[in-house]
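Here the structure comes first, spelled out in structure tokens, and everything after it is commentary.
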Amino acid sequence: MHRDFQPCAYIMASARHGTLYTGVTSHLIQRVCQHRGGSFEGFTTRYGVKTLVWFELAATMHAAITREKQIKNWQRKWKIELIEAANPEWHDLAEELGLPPLPSSSRT
């Protein structure tokens, strides 16, 4: 297995209690950079979803996809509770992974 391959489900936000996006990836840092850079046309670019507020590593891509689908079916309230259980201040977790802070105009 490639050393950068680490399946995970994640949630990005536009701001604290803002627009949420749930996704899955095998390379979290690369995917966050894509969201921050506006590489994806559509939802995340349109709503300015650039802040990583929650993620969960998985043993396999299948497990990560299953978790993503589960969370996507949840009520918004449950997603917020999930985020706040691990990240009550809605910090940008991408900074803890080594990415630079977002410009203040893009922060939650």
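Residue names in the structure tokens use chain letters A, B, ... in the order shown, residue numbers from 1 in each chain, and ligand numbers from 1 in the order shown.
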
Would you mind writing down, as a ChimeraX atom specification, each residue of chain A that DSSP on the backbone assigns to strand (DSSP E or B)? /A:8-13,20-25,51-57

Can you check which residues of region 7-54 of chain A DSSP gives as helix (DSSP H, G or I) on the backbone and send them as a ChimeraX atom specification? /A:28-37,43-46

What does the file look like for those residues with N, CA, C and O atoms, as a compact mmCIF listing (two decimals), in the first residue's frame?
# COMPACT_ATOMS: atom_id res chain seq x y z
N LEU A 28 -6.05 12.76 2.67
CA LEU A 28 -6.76 13.89 3.27
C LEU A 28 -6.12 15.25 2.97
O LEU A 28 -6.80 16.20 2.60
N ILE A 29 -4.82 15.35 3.15
CA ILE A 29 -4.17 16.65 2.93
C ILE A 29 -4.35 17.12 1.49
O ILE A 29 -4.69 18.29 1.24
N GLN A 30 -4.17 16.23 0.55
CA GLN A 30 -4.37 16.58 -0.86
C GLN A 30 -5.81 17.03 -1.10
O GLN A 30 -6.05 18.02 -1.78
N ARG A 31 -6.77 16.32 -0.52
CA ARG A 31 -8.17 16.66 -0.73
C ARG A 31 -8.52 18.01 -0.11
O ARG A 31 -9.23 18.82 -0.71
N VAL A 32 -7.99 18.29 1.08
CA VAL A 32 -8.24 19.60 1.71
C VAL A 32 -7.66 20.71 0.84
O VAL A 32 -8.31 21.75 0.63
N CYS A 33 -6.48 20.50 0.30
CA CYS A 33 -5.88 21.50 -0.60
C CYS A 33 -6.77 21.73 -1.82
O CYS A 33 -6.92 22.87 -2.29
N GLN A 34 -7.37 20.68 -2.34
CA GLN A 34 -8.27 20.82 -3.48
C GLN A 34 -9.50 21.65 -3.10
O GLN A 34 -9.93 22.51 -3.85
N HIS A 35 -10.06 21.38 -1.93
CA HIS A 35 -11.21 22.18 -1.47
C HIS A 35 -10.80 23.64 -1.26
O HIS A 35 -11.50 24.55 -1.70
N ARG A 36 -9.68 23.86 -0.61
CA ARG A 36 -9.22 25.23 -0.35
C ARG A 36 -8.95 25.98 -1.65
O ARG A 36 -9.21 27.17 -1.74
N GLY A 37 -8.42 25.29 -2.64
CA GLY A 37 -8.07 25.93 -3.91
C GLY A 37 -9.22 26.06 -4.89
O GLY A 37 -9.06 26.62 -5.97
N PHE A 43 -20.73 22.56 -5.44
CA PHE A 43 -21.17 22.82 -4.08
C PHE A 43 -20.11 23.47 -3.20
O PHE A 43 -20.33 24.54 -2.63
N THR A 44 -18.95 22.83 -3.03
CA THR A 44 -17.97 23.35 -2.08
C THR A 44 -17.39 24.69 -2.52
O THR A 44 -17.13 25.55 -1.68
N THR A 45 -17.23 24.89 -3.80
CA THR A 45 -16.74 26.18 -4.30
C THR A 45 -17.81 27.25 -4.15
O THR A 45 -17.54 28.35 -3.66
N ARG A 46 -19.04 26.91 -4.53
CA ARG A 46 -20.15 27.87 -4.46
C ARG A 46 -20.39 28.37 -3.03
O ARG A 46 -20.67 29.55 -2.81

Given only C-alpha atoms as the counted atoms, nearest of A:His17, A:Lys50, A:His27, A:His62 to Leu102 (chain A):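 Selected residue with least distance to Leu102 (chain A): A:Lys50.
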
Identify, on the basis of only C-alpha atoms, every residue whose closest approach to region 53-61 of chain A does not exceed 12 Å; exclude the query and any residue fewer than 5 positions from it along the same chain; express the result as a PDB file with N, CA and C atoms, in the first residue's frame.
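Saved result, selection.pdb, follows:
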ATOM      1  N   MET A   1       0.843  -1.177   0.000  1.00  0.00           N
ATOM      2  CA  MET A   1       0.000   0.000   0.000  1.00  0.00           C
ATOM      3  C   MET A   1       0.894   1.248   0.000  1.00  0.00           C
ATOM      4  N   PHE A   5      -1.484   6.667   1.336  1.00  0.00           N
ATOM      5  CA  PHE A   5      -2.844   6.164   1.243  1.00  0.00           C
ATOM      6  C   PHE A   5      -3.396   5.937   2.645  1.00  0.00           C
ATOM      7  N   GLN A   6      -4.366   6.745   3.046  1.00  0.00           N
ATOM      8  CA  GLN A   6      -5.013   6.588   4.349  1.00  0.00           C
ATOM      9  C   GLN A   6      -6.484   6.936   4.192  1.00  0.00           C
ATOM     10  N   PRO A   7      -7.324   5.922   4.007  1.00  0.00           N
ATOM     11  CA  PRO A   7      -8.755   6.185   3.823  1.00  0.00           C
ATOM     12  C   PRO A   7      -9.354   6.925   5.013  1.00  0.00           C
ATOM     13  N   CYS A   8     -10.225   7.865   4.728  1.00  0.00           N
ATOM     14  CA  CYS A   8     -10.930   8.548   5.807  1.00  0.00           C
ATOM     15  C   CYS A   8     -12.191   9.221   5.287  1.00  0.00           C
ATOM     16  N   ALA A   9     -13.110   9.405   6.206  1.00  0.00           N
ATOM     17  CA  ALA A   9     -14.292  10.233   5.975  1.00  0.00           C
ATOM     18  C   ALA A   9     -13.983  11.577   6.624  1.00  0.00           C
ATOM     19  N   TYR A  10     -14.542  12.646   6.079  1.00  0.00           N
ATOM     20  CA  TYR A  10     -14.234  13.970   6.621  1.00  0.00           C
ATOM     21  C   TYR A  10     -15.424  14.906   6.454  1.00  0.00           C
ATOM     22  N   ILE A  11     -15.415  15.977   7.245  1.00  0.00           N
ATOM     23  CA  ILE A  11     -16.426  17.032   7.122  1.00  0.00           C
ATOM     24  C   ILE A  11     -15.693  18.361   7.004  1.00  0.00           C
ATOM     25  N   MET A  12     -16.070  19.113   5.987  1.00  0.00           N
ATOM     26  CA  MET A  12     -15.570  20.476   5.775  1.00  0.00           C
ATOM     27  C   MET A  12     -16.729  21.429   6.076  1.00  0.00           C
ATOM     28  N   ALA A  13     -16.387  22.670   6.456  1.00  0.00           N
ATOM     29  CA  ALA A  13     -17.404  23.673   6.762  1.00  0.00           C
ATOM     30  C   ALA A  13     -17.023  25.016   6.149  1.00  0.00           C
ATOM     31  N   SER A  14     -18.035  25.833   5.905  1.00  0.00           N
ATOM     32  CA  SER A  14     -17.796  27.187   5.407  1.00  0.00           C
ATOM     33  C   SER A  14     -17.516  28.142   6.566  1.00  0.00           C
ATOM     34  N   ALA A  15     -18.061  27.829   7.728  1.00  0.00           N
ATOM     35  CA  ALA A  15     -17.918  28.630   8.940  1.00  0.00           C
ATOM     36  C   ALA A  15     -18.491  27.818  10.092  1.00  0.00           C
ATOM     37  N   ARG A  16     -18.299  28.286  11.297  1.00  0.00           N
ATOM     38  CA  ARG A  16     -18.899  27.604  12.451  1.00  0.00           C
ATOM     39  C   ARG A  16     -20.411  27.561  12.263  1.00  0.00           C
ATOM     40  N   HIS A  17     -20.976  26.392  12.298  1.00  0.00           N
ATOM     41  CA  HIS A  17     -22.408  26.147  12.074  1.00  0.00           C
ATOM     42  C   HIS A  17     -22.842  26.583  10.675  1.00  0.00           C
ATOM     43  N   GLY A  18     -21.887  26.674   9.759  1.00  0.00           N
ATOM     44  CA  GLY A  18     -22.184  27.070   8.384  1.00  0.00           C
ATOM     45  C   GLY A  18     -22.521  25.873   7.520  1.00  0.00           C
ATOM     46  N   THR A  19     -22.302  26.027   6.235  1.00  0.00           N
ATOM     47  CA  THR A  19     -22.551  24.961   5.269  1.00  0.00           C
ATOM     48  C   THR A  19     -21.570  23.825   5.525  1.00  0.00           C
ATOM     49  N   LEU A  20     -22.082  22.592   5.522  1.00  0.00           N
ATOM     50  CA  LEU A  20     -21.255  21.410   5.768  1.00  0.00           C
ATOM     51  C   LEU A  20     -21.169  20.558   4.510  1.00  0.00           C
ATOM     52  N   TYR A  21     -20.011  19.927   4.341  1.00  0.00           N
ATOM     53  CA  TYR A  21     -19.814  18.977   3.249  1.00  0.00           C
ATOM     54  C   TYR A  21     -19.144  17.736   3.822  1.00  0.00           C
ATOM     55  N   THR A  22     -19.720  16.584   3.567  1.00  0.00           N
ATOM     56  CA  THR A  22     -19.150  15.312   4.011  1.00  0.00           C
ATOM     57  C   THR A  22     -18.550  14.609   2.808  1.00  0.00           C
ATOM     58  N   GLY A  23     -17.324  14.127   2.961  1.00  0.00           N
ATOM     59  CA  GLY A  23     -16.655  13.457   1.854  1.00  0.00           C
ATOM     60  C   GLY A  23     -15.825  12.286   2.319  1.00  0.00           C
ATOM     61  N   VAL A  24     -15.178  11.648   1.357  1.00  0.00           N
ATOM     62  CA  VAL A  24     -14.294  10.519   1.617  1.00  0.00           C
ATOM     63  C   VAL A  24     -13.083  10.662   0.707  1.00  0.00           C
ATOM     64  N   THR A  25     -11.925  10.237   1.196  1.00  0.00           N
ATOM     65  CA  THR A  25     -10.706  10.338   0.406  1.00  0.00           C
ATOM     66  C   THR A  25      -9.691   9.315   0.889  1.00  0.00           C
ATOM     67  N   SER A  26      -8.687   9.090   0.080  1.00  0.00           N
ATOM     68  CA  SER A  26      -7.574   8.250   0.504  1.00  0.00           C
ATOM     69  C   SER A  26      -6.341   9.101   0.812  1.00  0.00           C
ATOM     70  N   HIS A  27      -6.441  10.424   0.596  1.00  0.00           N
ATOM     71  CA  HIS A  27      -5.314  11.327   0.863  1.00  0.00           C
ATOM     72  C   HIS A  27      -5.888  12.654   1.359  1.00  0.00           C
ATOM     73  N   LEU A  28      -6.048  12.764   2.671  1.00  0.00           N
ATOM     74  CA  LEU A  28      -6.764  13.890   3.266  1.00  0.00           C
ATOM     75  C   LEU A  28      -6.116  15.247   2.974  1.00  0.00           C
ATOM     76  N   ILE A  29      -4.820  15.354   3.149  1.00  0.00           N
ATOM     77  CA  ILE A  29      -4.166  16.651   2.933  1.00  0.00           C
ATOM     78  C   ILE A  29      -4.354  17.122   1.493  1.00  0.00           C
ATOM     79  N   ARG A  31      -6.769  16.319  -0.524  1.00  0.00           N
ATOM     80  CA  ARG A  31      -8.170  16.662  -0.734  1.00  0.00           C
ATOM     81  C   ARG A  31      -8.520  18.013  -0.112  1.00  0.00           C
ATOM     82  N   VAL A  32      -7.992  18.292   1.076  1.00  0.00           N
ATOM     83  CA  VAL A  32      -8.237  19.596   1.707  1.00  0.00           C
ATOM     84  C   VAL A  32      -7.663  20.708   0.837  1.00  0.00           C
ATOM     85  N   THR A  66     -18.392   3.621   3.664  1.00  0.00           N
ATOM     86  CA  THR A  66     -19.566   3.263   4.476  1.00  0.00           C
ATOM     87  C   THR A  66     -19.836   4.337   5.517  1.00  0.00           C
ATOM     88  N   ARG A  67     -18.784   4.824   6.179  1.00  0.00           N
ATOM     89  CA  ARG A  67     -18.939   5.878   7.193  1.00  0.00           C
ATOM     90  C   ARG A  67     -19.429   7.179   6.551  1.00  0.00           C
ATOM     91  N   GLU A  68     -18.877   7.539   5.408  1.00  0.00           N
ATOM     92  CA  GLU A  68     -19.316   8.749   4.706  1.00  0.00           C
ATOM     93  C   GLU A  68     -20.806   8.663   4.389  1.00  0.00           C
ATOM     94  N   ILE A  71     -22.934   9.146   7.537  1.00  0.00           N
ATOM     95  CA  ILE A  71     -22.990  10.542   7.986  1.00  0.00           C
ATOM     96  C   ILE A  71     -23.825  11.389   7.036  1.00  0.00           C
ATOM     97  N   LYS A  79     -24.682  15.850  12.766  1.00  0.00           N
ATOM     98  CA  LYS A  79     -23.359  16.168  12.217  1.00  0.00           C
ATOM     99  C   LYS A  79     -22.670  17.222  13.082  1.00  0.00           C
ATOM    100  N   ILE A  80     -23.415  18.224  13.488  1.00  0.00           N
ATOM    101  CA  ILE A  80     -22.860  19.274  14.353  1.00  0.00           C
ATOM    102  C   ILE A  80     -22.416  18.686  15.684  1.00  0.00           C
ATOM    103  N   GLU A  81     -23.215  17.784  16.237  1.00  0.00           N
ATOM    104  CA  GLU A  81     -22.837  17.133  17.492  1.00  0.00           C
ATOM    105  C   GLU A  81     -21.555  16.309  17.320  1.00  0.00           C
ATOM    106  N   LEU A  82     -21.415  15.633  16.192  1.00  0.00           N
ATOM    107  CA  LEU A  82     -20.208  14.854  15.904  1.00  0.00           C
ATOM    108  C   LEU A  82     -18.987  15.770  15.851  1.00  0.00           C
ATOM    109  N   ILE A  83     -19.113  16.869  15.138  1.00  0.00           N
ATOM    110  CA  ILE A  83     -18.010  17.838  15.029  1.00  0.00           C
ATOM    111  C   ILE A  83     -17.649  18.372  16.405  1.00  0.00           C
ATOM    112  N   GLU A  84     -18.660  18.838  17.147  1.00  0.00           N
ATOM    113  CA  GLU A  84     -18.393  19.505  18.423  1.00  0.00           C
ATOM    114  C   GLU A  84     -17.912  18.556  19.522  1.00  0.00           C
ATOM    115  N   ALA A  85     -18.177  17.267  19.385  1.00  0.00           N
ATOM    116  CA  ALA A  85     -17.657  16.306  20.361  1.00  0.00           C
ATOM    117  C   ALA A  85     -16.133  16.238  20.297  1.00  0.00           C
ATOM    118  N   ALA A  86     -15.574  16.387  19.111  1.00  0.00           N
ATOM    119  CA  ALA A  86     -14.125  16.305  18.930  1.00  0.00           C
ATOM    120  C   ALA A  86     -13.467  17.665  18.715  1.00  0.00           C
ATOM    121  N   ASN A  87     -14.232  18.641  18.244  1.00  0.00           N
ATOM    122  CA  ASN A  87     -13.672  19.937  17.860  1.00  0.00           C
ATOM    123  C   ASN A  87     -14.669  21.044  18.229  1.00  0.00           C
ATOM    124  N   PRO A  88     -14.867  21.281  19.536  1.00  0.00           N
ATOM    125  CA  PRO A  88     -15.919  22.212  19.975  1.00  0.00           C
ATOM    126  C   PRO A  88     -15.760  23.644  19.477  1.00  0.00           C
ATOM    127  N   GLU A  89     -14.538  24.048  19.168  1.00  0.00           N
ATOM    128  CA  GLU A  89     -14.305  25.416  18.694  1.00  0.00           C
ATOM    129  C   GLU A  89     -14.290  25.519  17.172  1.00  0.00           C
ATOM    130  N   TRP A  90     -14.486  24.405  16.490  1.00  0.00           N
ATOM    131  CA  TRP A  90     -14.491  24.360  15.035  1.00  0.00           C
ATOM    132  C   TRP A  90     -13.168  24.865  14.450  1.00  0.00           C
ATOM    133  N   HIS A  91     -12.062  24.490  15.082  1.00  0.00           N
ATOM    134  CA  HIS A  91     -10.748  24.845  14.550  1.00  0.00           C
ATOM    135  C   HIS A  91     -10.526  24.160  13.204  1.00  0.00           C
ATOM    136  N   ASP A  92      -9.688  24.758  12.384  1.00  0.00           N
ATOM    137  CA  ASP A  92      -9.323  24.145  11.108  1.00  0.00           C
ATOM    138  C   ASP A  92      -8.291  23.063  11.392  1.00  0.00           C
ATOM    139  N   LEU A  93      -8.727  21.819  11.352  1.00  0.00           N
ATOM    140  CA  LEU A  93      -7.854  20.694  11.668  1.00  0.00           C
ATOM    141  C   LEU A  93      -6.744  20.506  10.639  1.00  0.00           C
ATOM    142  N   ALA A  94      -6.887  21.116   9.482  1.00  0.00           N
ATOM    143  CA  ALA A  94      -5.843  21.025   8.453  1.00  0.00           C
ATOM    144  C   ALA A  94      -4.543  21.643   8.950  1.00  0.00           C
ATOM    145  N   GLU A  95      -4.632  22.638   9.808  1.00  0.00           N
ATOM    146  CA  GLU A  95      -3.421  23.252  10.367  1.00  0.00           C
ATOM    147  C   GLU A  95      -2.658  22.239  11.209  1.00  0.00           C
ATOM    148  N   GLU A  96      -3.370  21.377  11.935  1.00  0.00           N
ATOM    149  CA  GLU A  96      -2.716  20.343  12.744  1.00  0.00           C
ATOM    150  C   GLU A  96      -2.059  19.280  11.864  1.00  0.00           C
ATOM    151  N   LEU A  97      -2.482  19.204  10.606  1.00  0.00           N
ATOM    152  CA  LEU A  97      -1.900  18.259   9.657  1.00  0.00           C
ATOM    153  C   LEU A  97      -0.754  18.882   8.860  1.00  0.00           C
ATOM    154  N   ARG A 107     -11.740  32.080   7.170  1.00  0.00           N
ATOM    155  CA  ARG A 107     -11.775  31.293   8.407  1.00  0.00           C
ATOM    156  C   ARG A 107     -13.170  31.177   8.978  1.00  0.00           C
ATOM    157  N   THR A 108     -13.354  30.094   9.768  1.00  0.00           N
ATOM    158  CA  THR A 108     -14.612  29.906  10.502  1.00  0.00           C
ATOM    159  C   THR A 108     -14.605  30.742  11.734  1.00  0.00           C
TER     160      THR A 108
END
